[in-house]
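Next comes start33.cif, with mmCIF, C-alpha atoms.
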data_upload
loop_
_atom_site.label_atom_id
_atom_site.label_comp_id
_atom_site.auth_asym_id
_atom_site.auth_seq_id
_atom_site.Cartn_x
_atom_site.Cartn_y
_atom_site.Cartn_z
CA MET A 1 -2.88 -22.67 0.41
CA LYS A 2 -1.06 -24.89 2.89
CA SER A 3 -2.72 -25.17 6.31
CA PHE A 4 -1.22 -23.22 9.21
CA GLU A 5 -1.93 -22.35 12.81
CA PHE A 6 -3.24 -18.84 13.31
CA PHE A 7 -2.37 -16.62 16.27
CA GLU A 8 -3.64 -13.19 17.30
CA PRO A 9 -1.38 -12.11 20.17
CA THR A 10 -2.27 -8.95 22.06
CA THR A 11 1.25 -8.02 23.21
CA LEU A 12 4.52 -7.53 21.33
CA ALA A 13 6.34 -9.94 23.67
CA GLU A 14 3.85 -12.69 22.92
CA ALA A 15 4.06 -11.98 19.17
CA SER A 16 7.85 -11.97 19.30
CA ASN A 17 8.01 -15.33 21.09
CA LEU A 18 5.67 -16.89 18.53
CA PHE A 19 7.58 -15.29 15.64
CA ALA A 20 10.91 -16.57 16.97
CA GLN A 21 9.80 -20.15 16.33
CA GLU A 22 10.60 -21.93 13.09
CA HIS A 23 8.41 -21.49 10.00
CA ALA A 24 6.52 -18.57 11.49
CA GLN A 25 5.38 -15.54 9.51
CA LEU A 26 3.97 -12.20 10.61
CA LEU A 27 0.70 -11.05 9.09
CA ALA A 28 0.22 -7.29 8.71
CA GLY A 29 -2.00 -6.27 5.77
CA GLY A 30 -1.63 -9.65 4.06
CA THR A 31 -1.30 -8.26 0.55
CA ASP A 32 2.09 -9.94 0.08
CA LEU A 33 1.79 -12.88 2.48
CA VAL A 34 -1.66 -14.17 1.49
CA ILE A 35 -0.77 -14.05 -2.20
CA GLY A 36 2.54 -15.78 -1.45
CA MET A 37 0.78 -18.52 0.51
CA LYS A 38 -1.65 -19.10 -2.37
CA ALA A 39 1.29 -19.45 -4.74
CA TYR A 40 3.08 -21.77 -2.26
CA THR A 41 6.10 -19.46 -2.30
CA GLU A 42 5.26 -18.90 1.39
CA THR A 43 4.46 -22.02 3.41
CA PRO A 44 4.48 -20.95 7.06
CA GLU A 45 3.35 -23.36 9.76
CA SER A 46 2.19 -20.50 11.92
CA VAL A 47 0.86 -17.09 10.97
CA ILE A 48 0.90 -14.37 13.62
CA SER A 49 -1.44 -11.45 13.09
CA LEU A 50 -0.25 -8.11 14.50
CA GLU A 51 -3.68 -6.52 14.28
CA LYS A 52 -4.75 -7.09 17.90
CA ILE A 53 -1.62 -5.53 19.43
CA PRO A 54 -2.52 -2.02 20.60
CA GLY A 55 -0.45 1.01 19.62
CA LEU A 56 1.00 -0.22 16.33
CA SER A 57 -1.20 1.89 14.11
CA GLY A 58 -1.57 5.63 13.58
CA ILE A 59 0.28 8.77 12.56
CA THR A 60 1.40 11.26 15.23
CA THR A 61 2.88 14.71 14.59
CA ASN A 62 5.00 16.05 17.42
CA ASP A 63 5.64 19.68 18.44
CA ASP A 64 8.86 19.89 16.39
CA ASN A 65 6.99 18.60 13.31
CA SER A 66 8.68 15.23 13.54
CA ILE A 67 6.26 12.45 12.70
CA THR A 68 5.81 8.93 14.02
CA ILE A 69 4.07 6.34 11.85
CA GLY A 70 2.99 3.05 13.44
CA ALA A 71 4.07 0.00 11.46
CA MET A 72 0.48 -1.24 11.10
CA THR A 73 -0.70 2.06 9.61
CA LYS A 74 -2.44 1.44 6.30
CA VAL A 75 -0.60 2.90 3.32
CA ARG A 76 -3.87 4.57 2.31
CA ASP A 77 -3.73 6.54 5.59
CA VAL A 78 -0.09 7.49 4.91
CA GLU A 79 -1.11 8.67 1.44
CA LEU A 80 -4.00 10.80 2.76
CA SER A 81 -2.32 12.23 5.90
CA ASN A 82 -2.19 16.03 5.69
CA ASP A 83 1.00 16.20 7.73
CA ILE A 84 2.81 13.60 5.64
CA GLN A 85 1.65 15.32 2.46
CA GLN A 86 3.02 18.59 3.82
CA TYR A 87 6.30 17.55 5.47
CA HIS A 88 7.15 14.35 3.61
CA THR A 89 5.44 14.77 0.25
CA ALA A 90 7.63 12.12 -1.38
CA LEU A 91 6.45 9.51 1.14
CA ALA A 92 2.76 10.39 0.63
CA GLU A 93 3.32 10.18 -3.13
CA GLY A 94 5.07 6.83 -2.79
CA ALA A 95 2.24 5.44 -0.67
CA SER A 96 -0.27 6.58 -3.30
CA GLU A 97 1.60 4.54 -5.94
CA ILE A 98 1.03 1.16 -4.29
CA GLY A 99 -1.43 -1.17 -6.03
CA SER A 100 -5.03 0.02 -6.01
CA ILE A 101 -7.15 1.75 -3.36
CA GLN A 102 -8.47 -1.70 -2.35
CA ILE A 103 -4.89 -2.87 -1.75
CA ARG A 104 -3.82 0.36 -0.02
CA ASN A 105 -6.75 -0.08 2.38
CA LEU A 106 -5.19 -3.40 3.44
CA ALA A 107 -1.43 -2.97 3.03
CA THR A 108 0.60 -1.46 5.87
CA ILE A 109 3.75 0.66 5.74
CA GLY A 110 5.48 -1.81 8.07
CA GLY A 111 4.67 -4.67 5.73
CA ASN A 112 5.85 -2.73 2.69
CA ILE A 113 9.22 -2.19 4.40
CA ALA A 114 9.63 -5.55 6.19
CA HIS A 115 8.98 -7.39 2.90
CA ALA A 116 12.24 -5.70 1.83
CA SER A 117 11.51 -5.50 -1.87
CA PRO A 118 14.11 -3.21 -3.47
CA ALA A 119 11.16 -1.76 -5.44
CA ALA A 120 8.90 -0.93 -2.47
CA ASP A 121 7.08 2.34 -3.13
CA THR A 122 7.32 3.75 0.40
CA VAL A 123 11.02 3.08 0.80
CA ALA A 124 12.49 5.99 -1.20
CA GLY A 125 10.29 8.45 0.72
CA LEU A 126 11.38 6.97 4.05
CA LEU A 127 15.04 7.11 2.95
CA VAL A 128 14.86 10.83 2.16
CA ALA A 129 12.99 11.44 5.43
CA ASP A 130 15.95 9.91 7.31
CA ALA A 131 13.48 7.57 8.99
CA GLN A 132 14.46 5.63 12.09
CA VAL A 133 12.99 2.14 12.25
CA ASP A 134 11.98 1.11 15.77
CA ILE A 135 12.16 -2.62 16.38
CA ALA A 136 10.90 -4.67 19.31
CA SER A 137 11.38 -8.24 20.43
CA ALA A 138 10.86 -10.22 23.63
CA ASP A 139 14.47 -9.26 24.50
CA GLY A 140 13.96 -5.50 24.21
CA GLU A 141 13.94 -2.66 21.74
CA ARG A 142 16.37 -1.12 19.28
CA SER A 143 16.35 1.37 16.46
CA VAL A 144 17.99 1.23 13.02
CA PRO A 145 18.29 3.98 10.40
CA ILE A 146 16.25 2.95 7.36
CA ASN A 147 19.34 3.02 5.12
CA GLU A 148 20.92 0.31 7.31
CA LEU A 149 17.82 -1.92 7.46
CA PHE A 150 18.19 -3.79 4.17
CA THR A 151 20.89 -6.35 3.39
CA GLY A 152 19.62 -7.75 0.08
CA PRO A 153 16.45 -8.46 -1.88
CA GLY A 154 13.92 -9.62 0.72
CA GLN A 155 16.61 -9.47 3.41
CA THR A 156 16.92 -7.17 6.43
CA VAL A 157 18.98 -6.91 9.61
CA LEU A 158 15.92 -8.05 11.57
CA LYS A 159 16.79 -11.00 13.78
CA SER A 160 14.60 -13.89 14.81
CA GLY A 161 11.58 -12.65 16.74
CA GLU A 162 12.15 -8.98 15.90
CA ILE A 163 9.17 -6.90 14.81
CA ILE A 164 9.11 -3.40 13.29
CA THR A 165 6.87 -1.26 15.50
CA GLN A 166 7.13 2.25 14.07
CA PHE A 167 8.96 4.70 11.84
CA ARG A 168 10.20 8.01 13.23
CA LEU A 169 10.65 10.80 10.71
CA PRO A 170 12.79 13.46 12.39
CA ASN A 171 13.55 15.69 9.50
CA PRO A 172 10.81 17.64 7.70
CA ALA A 173 11.99 18.62 4.22
CA SER A 174 11.34 22.06 2.70
CA GLY A 175 10.32 20.20 -0.42
CA SER A 176 10.35 16.62 -1.69
CA HIS A 177 9.07 14.56 -4.59
CA TYR A 178 8.83 10.90 -5.63
CA ILE A 179 8.59 9.57 -9.15
CA LYS A 180 7.77 5.95 -9.89
CA HIS A 181 8.87 4.91 -13.36
CA LYS A 182 6.23 2.46 -14.56
CA ILE A 183 3.95 1.51 -17.46
CA ARG A 184 0.46 1.41 -15.92
CA GLU A 185 -0.86 4.32 -13.86
CA VAL A 186 -1.96 1.88 -11.13
CA MET A 187 -1.35 -1.76 -10.19
CA ASP A 188 2.21 -1.77 -11.47
CA LEU A 189 5.57 -2.40 -9.87
CA ALA A 190 8.27 0.25 -10.15
CA PHE A 191 10.89 -0.06 -12.90
CA ILE A 192 12.66 2.37 -10.64
CA GLY A 193 11.62 4.73 -7.87
CA VAL A 194 13.38 8.03 -7.15
CA ALA A 195 12.75 10.40 -4.27
CA SER A 196 14.49 13.70 -3.62
CA ALA A 197 14.15 15.95 -0.60
CA VAL A 198 15.78 19.33 -0.05
CA ASN A 199 16.11 21.80 2.76
CA VAL A 200 16.78 25.28 1.43
CA GLN A 201 17.84 28.39 3.36
CA ASN A 202 18.22 31.79 1.61
CA GLY A 203 18.38 30.14 -1.80
CA VAL A 204 21.14 27.73 -0.76
CA ILE A 205 20.64 23.95 -0.53
CA GLU A 206 21.44 23.22 3.12
CA ASP A 207 20.68 19.54 2.85
CA ALA A 208 19.68 17.21 0.04
CA ARG A 209 18.63 13.59 0.28
CA ILE A 210 18.13 11.25 -2.67
CA GLY A 211 16.59 7.79 -2.27
CA LEU A 212 16.65 5.21 -5.05
CA ALA A 213 14.54 2.05 -5.36
CA ALA A 214 14.82 -0.93 -7.71
CA VAL A 215 18.29 0.01 -8.98
CA ALA A 216 20.44 -2.03 -6.59
CA PRO A 217 20.03 -5.19 -4.44
CA THR A 218 18.68 -2.91 -1.71
CA PRO A 219 17.13 0.56 -1.75
CA ILE A 220 20.00 3.10 -1.51
CA ARG A 221 20.83 6.73 -0.80
CA ALA A 222 22.81 8.52 -3.51
CA THR A 223 25.28 10.02 -1.03
CA GLU A 224 27.79 11.45 -3.53
CA ALA A 225 25.05 13.21 -5.43
CA GLU A 226 23.72 14.60 -2.15
CA ASN A 227 27.15 15.93 -1.18
CA LEU A 228 27.50 17.68 -4.55
CA LEU A 229 24.34 19.64 -3.82
CA LYS A 230 24.98 20.68 -0.23
CA GLY A 231 25.89 24.34 0.29
CA LYS A 232 25.25 25.21 -3.35
CA THR A 233 22.75 27.39 -5.17
CA PRO A 234 20.66 25.20 -7.48
CA THR A 235 21.43 25.54 -11.20
CA PRO A 236 20.57 23.24 -14.13
CA GLU A 237 24.27 22.28 -14.34
CA LEU A 238 24.35 21.35 -10.66
CA LEU A 239 21.23 19.18 -10.99
CA GLN A 240 22.78 17.51 -14.03
CA GLN A 241 25.92 16.67 -12.05
CA ALA A 242 23.74 15.30 -9.25
CA GLY A 243 21.77 13.17 -11.71
CA GLU A 244 24.95 11.70 -13.14
CA ALA A 245 26.36 11.02 -9.66
CA ALA A 246 23.10 9.32 -8.62
CA ALA A 247 23.18 7.10 -11.73
CA ALA A 248 26.79 6.19 -10.94
CA ALA A 249 25.73 5.01 -7.48
CA THR A 250 23.38 2.35 -8.88
CA SER A 251 24.00 -1.29 -9.76
CA PRO A 252 20.79 -2.26 -11.53
CA ILE A 253 19.89 -5.57 -13.11
CA SER A 254 18.09 -6.28 -16.38
CA ASP A 255 14.81 -8.08 -15.88
CA LEU A 256 11.42 -8.49 -17.53
CA ARG A 257 10.53 -4.91 -16.63
CA CYS A 258 13.46 -3.16 -18.27
CA SER A 259 17.18 -3.26 -18.94
CA ALA A 260 19.93 -2.24 -16.55
CA GLU A 261 21.06 0.44 -19.04
CA HIS A 262 17.59 1.98 -19.13
CA ARG A 263 17.38 1.96 -15.34
CA LYS A 264 20.73 3.75 -14.99
CA GLU A 265 19.80 6.35 -17.61
CA MET A 266 16.43 6.98 -15.99
CA VAL A 267 17.95 7.42 -12.53
CA ASP A 268 19.91 10.33 -13.99
CA VAL A 269 16.79 11.83 -15.59
CA LEU A 270 14.46 11.28 -12.64
CA THR A 271 16.96 12.49 -10.05
CA ARG A 272 17.16 15.81 -11.89
CA ARG A 273 13.39 15.91 -12.29
CA THR A 274 12.57 15.06 -8.65
CA LEU A 275 15.17 17.54 -7.40
CA GLN A 276 13.70 20.30 -9.57
CA ILE A 277 10.17 19.61 -8.34
CA ALA A 278 11.36 19.34 -4.71
CA LEU A 279 13.07 22.75 -5.14
CA ASP A 280 9.95 24.21 -6.74
CA ARG A 281 7.98 23.11 -3.69
CA VAL A 282 10.20 24.91 -1.18
CA MET B 1 -5.21 -27.47 11.75
CA THR B 2 -7.25 -25.69 14.37
CA LYS B 3 -10.43 -24.10 13.16
CA HIS B 4 -11.26 -20.70 14.62
CA PRO B 5 -14.58 -19.33 15.79
CA VAL B 6 -15.35 -16.28 13.71
CA SER B 7 -18.24 -13.90 13.97
CA LEU B 8 -18.90 -12.02 10.75
CA LYS B 9 -21.49 -9.32 10.25
CA VAL B 10 -22.36 -9.52 6.58
CA ASN B 11 -24.97 -7.15 5.14
CA GLY B 12 -26.32 -6.71 8.66
CA ASP B 13 -26.66 -10.44 9.39
CA GLU B 14 -24.54 -12.11 12.07
CA HIS B 15 -22.79 -15.33 11.08
CA ASP B 16 -21.06 -17.37 13.78
CA LEU B 17 -18.77 -19.76 11.96
CA LEU B 18 -15.93 -22.15 12.60
CA ILE B 19 -13.39 -21.69 9.83
CA GLU B 20 -9.94 -22.82 8.80
CA PRO B 21 -7.41 -19.94 9.00
CA ARG B 22 -6.33 -20.52 5.38
CA LYS B 23 -9.78 -19.65 4.02
CA THR B 24 -9.88 -16.20 2.48
CA LEU B 25 -12.74 -13.85 3.24
CA LEU B 26 -13.78 -14.35 -0.39
CA ALA B 27 -14.02 -18.13 0.12
CA VAL B 28 -15.93 -17.71 3.39
CA LEU B 29 -18.43 -15.37 1.75
CA ARG B 30 -18.96 -17.57 -1.28
CA ASP B 31 -18.54 -21.13 -0.03
CA THR B 32 -19.45 -20.98 3.67
CA ILE B 33 -22.14 -18.29 3.74
CA GLY B 34 -23.31 -18.86 0.16
CA LEU B 35 -23.15 -15.25 -1.05
CA THR B 36 -21.85 -15.87 -4.56
CA GLY B 37 -22.38 -12.33 -5.84
CA THR B 38 -18.76 -11.52 -5.00
CA LYS B 39 -16.59 -12.98 -7.76
CA GLU B 40 -13.15 -14.55 -7.84
CA GLY B 41 -11.19 -13.24 -10.80
CA CYS B 42 -7.40 -13.30 -10.68
CA SER B 43 -7.13 -14.31 -7.01
CA THR B 44 -4.00 -12.16 -6.68
CA GLY B 45 -5.55 -8.75 -5.95
CA ASP B 46 -4.99 -7.40 -9.45
CA CYS B 47 -8.50 -7.43 -10.95
CA GLY B 48 -10.83 -6.14 -8.23
CA ALA B 49 -13.67 -8.61 -8.99
CA CYS B 50 -13.70 -9.72 -5.33
CA THR B 51 -14.05 -6.17 -3.93
CA VAL B 52 -16.23 -5.94 -0.81
CA ILE B 53 -16.53 -3.20 1.79
CA VAL B 54 -15.07 -3.92 5.22
CA ASP B 55 -15.69 -1.31 7.93
CA GLY B 56 -16.39 1.27 5.24
CA LYS B 57 -13.29 0.56 3.14
CA ALA B 58 -13.19 -1.23 -0.20
CA VAL B 59 -10.81 -4.20 -0.07
CA THR B 60 -9.93 -7.12 -2.32
CA SER B 61 -11.43 -10.01 -0.32
CA CYS B 62 -9.14 -12.57 -2.00
CA MET B 63 -6.22 -11.09 -0.01
CA VAL B 64 -7.95 -11.14 3.38
CA LEU B 65 -7.91 -14.16 5.67
CA GLY B 66 -11.46 -14.80 6.86
CA VAL B 67 -10.27 -15.13 10.48
CA THR B 68 -9.04 -11.52 10.41
CA ALA B 69 -12.49 -10.24 9.41
CA SER B 70 -14.06 -11.38 12.66
CA GLY B 71 -16.05 -8.64 14.35
CA LYS B 72 -15.93 -6.39 11.29
CA GLU B 73 -18.86 -5.11 9.24
CA ILE B 74 -18.85 -6.47 5.72
CA THR B 75 -21.01 -5.29 2.85
CA THR B 76 -21.25 -7.34 -0.34
CA ILE B 77 -23.15 -6.69 -3.56
CA GLU B 78 -26.11 -8.59 -2.03
CA GLY B 79 -26.34 -5.97 0.73
CA LEU B 80 -26.76 -2.87 -1.44
CA ALA B 81 -30.44 -3.02 -2.39
CA SER B 82 -32.89 -2.30 0.40
CA ASP B 83 -36.60 -3.13 0.48
CA GLY B 84 -36.49 -4.20 -3.16
CA GLU B 85 -35.03 -0.83 -4.20
CA LEU B 86 -31.73 -0.93 -6.02
CA HIS B 87 -28.93 1.29 -4.73
CA PRO B 88 -28.42 4.34 -7.02
CA ILE B 89 -25.12 2.88 -8.17
CA GLN B 90 -26.74 -0.41 -9.19
CA GLN B 91 -29.47 1.52 -11.03
CA ALA B 92 -26.88 3.68 -12.77
CA PHE B 93 -25.03 0.61 -14.08
CA ILE B 94 -28.35 -0.64 -15.53
CA ASP B 95 -29.32 2.76 -16.95
CA THR B 96 -26.02 3.28 -18.76
CA GLY B 97 -25.35 -0.34 -19.70
CA GLY B 98 -22.26 -0.35 -17.49
CA TYR B 99 -21.76 -4.09 -17.82
CA GLN B 100 -21.29 -6.66 -20.53
CA CYS B 101 -20.69 -10.23 -19.31
CA GLY B 102 -21.26 -8.93 -15.76
CA PHE B 103 -18.45 -10.80 -14.02
CA CYS B 104 -16.55 -7.68 -12.97
CA THR B 105 -19.74 -5.75 -12.15
CA PRO B 106 -20.10 -6.57 -8.43
CA GLY B 107 -16.48 -5.54 -7.85
CA PHE B 108 -16.87 -2.34 -9.84
CA ILE B 109 -20.09 -1.48 -8.00
CA MET B 110 -18.61 -2.09 -4.55
CA ALA B 111 -15.43 -0.13 -5.38
CA SER B 112 -17.57 2.70 -6.79
CA LYS B 113 -19.84 2.71 -3.74
CA ALA B 114 -16.88 3.18 -1.39
CA LEU B 115 -15.53 5.99 -3.60
CA VAL B 116 -18.85 7.80 -3.82
CA ASP B 117 -19.47 7.41 -0.08
CA GLU B 118 -16.02 8.83 0.63
CA ASN B 119 -16.25 11.74 -1.81
CA PRO B 120 -18.85 12.06 -4.59
CA ASP B 121 -17.20 15.29 -5.77
CA ARG B 122 -14.36 13.54 -7.57
CA THR B 123 -13.71 14.60 -11.15
CA GLU B 124 -14.05 12.13 -14.02
CA GLU B 125 -10.26 11.84 -14.11
CA GLU B 126 -10.14 11.14 -10.36
CA PHE B 127 -12.83 8.45 -10.59
CA ARG B 128 -11.02 6.88 -13.54
CA PHE B 129 -7.77 6.77 -11.56
CA ALA B 130 -9.45 5.57 -8.34
CA LEU B 131 -11.08 2.65 -10.19
CA GLY B 132 -7.71 1.52 -11.57
CA GLY B 133 -7.82 -1.58 -9.36
CA ASN B 134 -10.82 -3.00 -11.22
CA ILE B 135 -10.48 -4.68 -14.59
CA CYS B 136 -13.27 -5.38 -17.12
CA ARG B 137 -12.17 -8.04 -19.60
CA CYS B 138 -15.02 -7.04 -21.94
CA THR B 139 -13.43 -3.55 -21.90
CA GLY B 140 -16.73 -1.84 -21.05
CA TYR B 141 -14.98 1.01 -19.32
CA THR B 142 -16.73 3.93 -21.05
CA LYS B 143 -20.18 2.87 -19.86
CA ILE B 144 -18.87 1.87 -16.43
CA LEU B 145 -17.42 5.35 -15.96
CA GLU B 146 -20.70 6.90 -17.16
CA ALA B 147 -22.54 4.83 -14.55
CA VAL B 148 -20.25 5.92 -11.74
CA LEU B 149 -20.50 9.60 -12.76
CA GLN B 150 -24.29 9.35 -12.95
CA ALA B 151 -24.50 7.76 -9.50
CA ALA B 152 -22.12 10.34 -8.02
CA GLU B 153 -24.20 13.14 -9.50
CA GLU B 154 -27.38 11.62 -8.07
CA ILE B 155 -25.85 11.19 -4.62
CA ARG B 156 -24.47 14.75 -4.69
CA THR B 157 -27.83 16.27 -5.53
CA SER B 158 -29.82 14.13 -3.09
CA SER B 159 -27.59 14.87 -0.10
#

Final structure tokens representation of the file:
Amino acid sequence: MKSFEFFEPTTLAEASNLFAQEHAQLLAGGTDLVIGMKAYTETPESVISLEKIPGLSGITTNDDNSITIGAMTKVRDVELSNDIQQYHTALAEGASEIGSIQIRNLATIGGNIAHASPAADTVAGLLVADAQVDIASADGERSVPINELFTGPGQTVLKSGEIITQFRLPNPASGSHYIKHKIREVMDLAFIGVASAVNVQNGVIEDARIGLAAVAPTPIRATEAENLLKGKTPTPELLQQAGEAAAAATSPISDLRCSAEHRKEMVDVLTRRTLQIALDRV
Amino acid sequence: MTKHPVSLKVNGDEHDLLIEPRKTLLAVLRDTIGLTGTKEGCSTGDCGACTVIVDGKAVTSCMVLGVTASGKEITTIEGLASDGELHPIQQAFIDTGGYQCGFCTPGFIMASKALVDENPDRTEEEFRFALGGNICRCTGYTKILEAVLQAAEEIRTSS
């Protein structure tokens, strides 16, 4: 590992100023950064730990059942949170799919998202929760919907010195589900990840949200498939149409994990499957 | 590069050290403090051989910068036995033969300890799944699982 200077700021402004300098990297859980530094794919000159900044960690449920998750919250705590399991099941399931327990005890939800891997396991759950990403810098604060955060593999709209502080989940689903398509039960990366969330009133789908990971340069929402479902009574034919529309929204690549054709086909299958389970959970 | 003063509490002993930020907790434990029971396997977090317990949570110490462990309570395999008595999990690994070459054993024992401390009532399937972050290249999984189930049973009945 290349040598670097290490900083442990205690305020966001201080962290932002340090992070705005060249060759600086933020350290959250370290499960991506430390491995990257060992492999020399990351060679920062300064590493800024966010651990000593108060208020960045924890899960809060508000009176209207909206939930706020601090960026430094460990993914293990997201996985085990009763409220997230209840209101955002797909997100809890996604968190439980990351690495091993040892890794989930280190990794943070903010790190999983800021790393901007199209295959991140918490991203589909945050997409279907309509999460707002709160961002702070020395210049002030702003908020971005999660579906506008990513611009490409490893790329986000975050500007120099900007730090993700929390995720706000405004919209509890009646039911949701995440499926990670993978080979190993643990310690694997997603071939694809699919999350579906539905809000159902009197047997009619009021709202449906479908989040797809690892099937496009960025994680995406399958908007056309969602629109097909809204206002309808669920039937096998309807779910099939939604699956096909979701597959049509993807632009996957072939890589060492699987082929583009397989990814597209499985988006269809897993969209139907996650929708059915989300509906069963209502 | 600037070295940082770090104060680590390892197995109850305080260590005041001056370390380079790029040293992992694993390297600090092994090379600086001299506790070589914790093993370096893959060095990428995949194998679990370097598992130690930090503030009650099992973590892969190869992914942790030593400077970030300052002020935290760390337990390594050397800290499990007390007054010459092996911890029930260590004894269970011996009783069942839950080891072959032994390289993965400290990691398996530390991961198992955290699991049993958290909830000894897990089913066999749940223990199997929860230990997915530890790899045994001798493939001694059957006996390892037996050891963990025996230790969990013992801890359940004694508490």

Against chain B, which residues of chain A fall within 7 Å? For each one I want the closest pair of atoms and the distance in Å (one decimal), counting all atoms listed in the file, rows by chain and increasing residue number, as a Markdown table.
| residue | atom | partner | partner_atom | distance |
| --- | --- | --- | --- | --- |
| A:Met1 | CA | B:Arg22 | CA | 6.4 |
| A:Ser3 | CA | B:Arg22 | CA | 6.0 |
| A:Phe4 | CA | B:Met1 | CA | 6.4 |
| A:Glu5 | CA | B:Met1 | CA | 6.2 |
| A:Phe6 | CA | B:Pro21 | CA | 6.1 |
| A:Gly30 | CA | B:Met63 | CA | 6.3 |
| A:Thr31 | CA | B:Met63 | CA | 5.7 |
| A:Val34 | CA | B:Met63 | CA | 5.7 |
| A:Ile35 | CA | B:Thr44 | CA | 5.8 |
| A:Ser100 | CA | B:Gly133 | CA | 4.6 |
| A:Ile101 | CA | B:Ala130 | CA | 6.7 |
| A:Gln102 | CA | B:Val59 | CA | 4.1 |
| A:Ile103 | CA | B:Val59 | CA | 6.3 |
| A:Asn105 | CA | B:Val59 | CA | 6.3 |
| A:Leu106 | CA | B:Val59 | CA | 6.7 |
| A:Val186 | CA | B:Gly132 | CA | 5.8 |
| A:Met187 | CA | B:Gly133 | CA | 6.5 |

**Request:** Show which residues sit within 12 Å of Gln85 in chain A, as a PyMOL selection string. Count all atoms listed in the file, and ignore same-chain residues fewer than 6 positions away.
**Result:** chain A and resi 67+77-79+91-96+125+172-178+281

Tell me which residues the PyMOL selection byres ((chain B and resi 141) around 12) grabs here, as a short mmCIF file (atom, residue, chain, number, x, y, z; two decimals) with C-alpha atoms, in the coordinates of the input.
data_model
loop_
_atom_site.label_atom_id
_atom_site.label_comp_id
_atom_site.auth_asym_id
_atom_site.auth_seq_id
_atom_site.Cartn_x
_atom_site.Cartn_y
_atom_site.Cartn_z
CA PHE B 93 -25.03 0.61 -14.08
CA THR B 96 -26.02 3.28 -18.76
CA GLY B 97 -25.35 -0.34 -19.70
CA GLY B 98 -22.26 -0.35 -17.49
CA TYR B 99 -21.76 -4.09 -17.82
CA GLN B 100 -21.29 -6.66 -20.53
CA CYS B 104 -16.55 -7.68 -12.97
CA THR B 105 -19.74 -5.75 -12.15
CA PHE B 108 -16.87 -2.34 -9.84
CA PHE B 127 -12.83 8.45 -10.59
CA ARG B 128 -11.02 6.88 -13.54
CA LEU B 131 -11.08 2.65 -10.19
CA GLY B 132 -7.71 1.52 -11.57
CA ASN B 134 -10.82 -3.00 -11.22
CA ILE B 135 -10.48 -4.68 -14.59
CA CYS B 136 -13.27 -5.38 -17.12
CA ARG B 137 -12.17 -8.04 -19.60
CA CYS B 138 -15.02 -7.04 -21.94
CA THR B 139 -13.43 -3.55 -21.90
CA GLY B 140 -16.73 -1.84 -21.05
CA THR B 142 -16.73 3.93 -21.05
CA LYS B 143 -20.18 2.87 -19.86
CA ILE B 144 -18.87 1.87 -16.43
CA LEU B 145 -17.42 5.35 -15.96
CA GLU B 146 -20.70 6.90 -17.16
CA ALA B 147 -22.54 4.83 -14.55
CA VAL B 148 -20.25 5.92 -11.74
#

**Selected residue of minimal separation from Leu80 in chain B among B:Leu26, B:Val10, B:Leu17, B:Ile155, counting only C-alpha atoms** =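 With only C-alpha atoms as the atom set, the closest residue is B:Val10.
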
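Using all atoms listed in the file for every distance, the candidate list A:Ala71, A:Ile220, A:Ile84, A:Ile135 yields A:Ala71 as the residue closest to Pro54 in chain A.
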
**Request:** Return as a PyMOL selection string the set of residues that the PyMOL selection byres ((chain A and resi 114) around 12) yields on the displayed structure.
**Result:** chain A and resi 25-29+32-33+71-72+107-113+115-118+120+122-123+133-135+146+149-159+162-167

Give, as JSON, the centre coordinates and the x, y and z edge lengths in Å to one decimal for an axis-aligned box around all listed atoms of range 136-150 of chain A, padded by 5 Å on each side.
{"center_x": 15.9, "center_y": -3.1, "center_z": 14.3, "size_x": 20.1, "size_y": 24.2, "size_z": 30.3}

**Request:** Name all residues at most 9 Å from Phe7 in chain A (count all atoms listed in the file; drop same-chain ones fewer than 4 positions away) and give them as JSON, numbers by chain.
**Result:** {"A": [15, 18, 46, 47, 48, 49, 50]}

Write out as a short mmCIF file (atom, residue, chain, number, x, y, z; two decimals) with C-alpha atoms, in the frame of the given file which residues come within 8 Å of Pro219 in chain A when counting only C-alpha atoms, dropping same-chain ones fewer than 2 positions away.
data_model
loop_
_atom_site.label_atom_id
_atom_site.label_comp_id
_atom_site.auth_asym_id
_atom_site.auth_seq_id
_atom_site.Cartn_x
_atom_site.Cartn_y
_atom_site.Cartn_z
CA PRO A 118 14.11 -3.21 -3.47
CA ALA A 119 11.16 -1.76 -5.44
CA VAL A 123 11.02 3.08 0.80
CA ALA A 124 12.49 5.99 -1.20
CA ASN A 147 19.34 3.02 5.12
CA PHE A 150 18.19 -3.79 4.17
CA GLY A 211 16.59 7.79 -2.27
CA LEU A 212 16.65 5.21 -5.05
CA ALA A 213 14.54 2.05 -5.36
CA ALA A 214 14.82 -0.93 -7.71
CA VAL A 215 18.29 0.01 -8.98
CA ALA A 216 20.44 -2.03 -6.59
CA PRO A 217 20.03 -5.19 -4.44
CA ARG A 221 20.83 6.73 -0.80
#

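Here CA of Ala69 in chain B is placed at a distance of 11.0 Å from CA of Leu29 in chain B.
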
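Atom pair CA of Ala242 in chain A / CA of Thr223 in chain A has a distance of 9.9 Å (rounded to one decimal).
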
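Counting from CA of Val144 in chain A, the distance to CA of Gly161 in chain A is 15.7 Å.
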
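Taking only C-alpha atoms into account, Asp117 in chain B lies nearest to B:Ala152 out of the set B:Thr38, B:Gly66, B:Ala152, B:His15.
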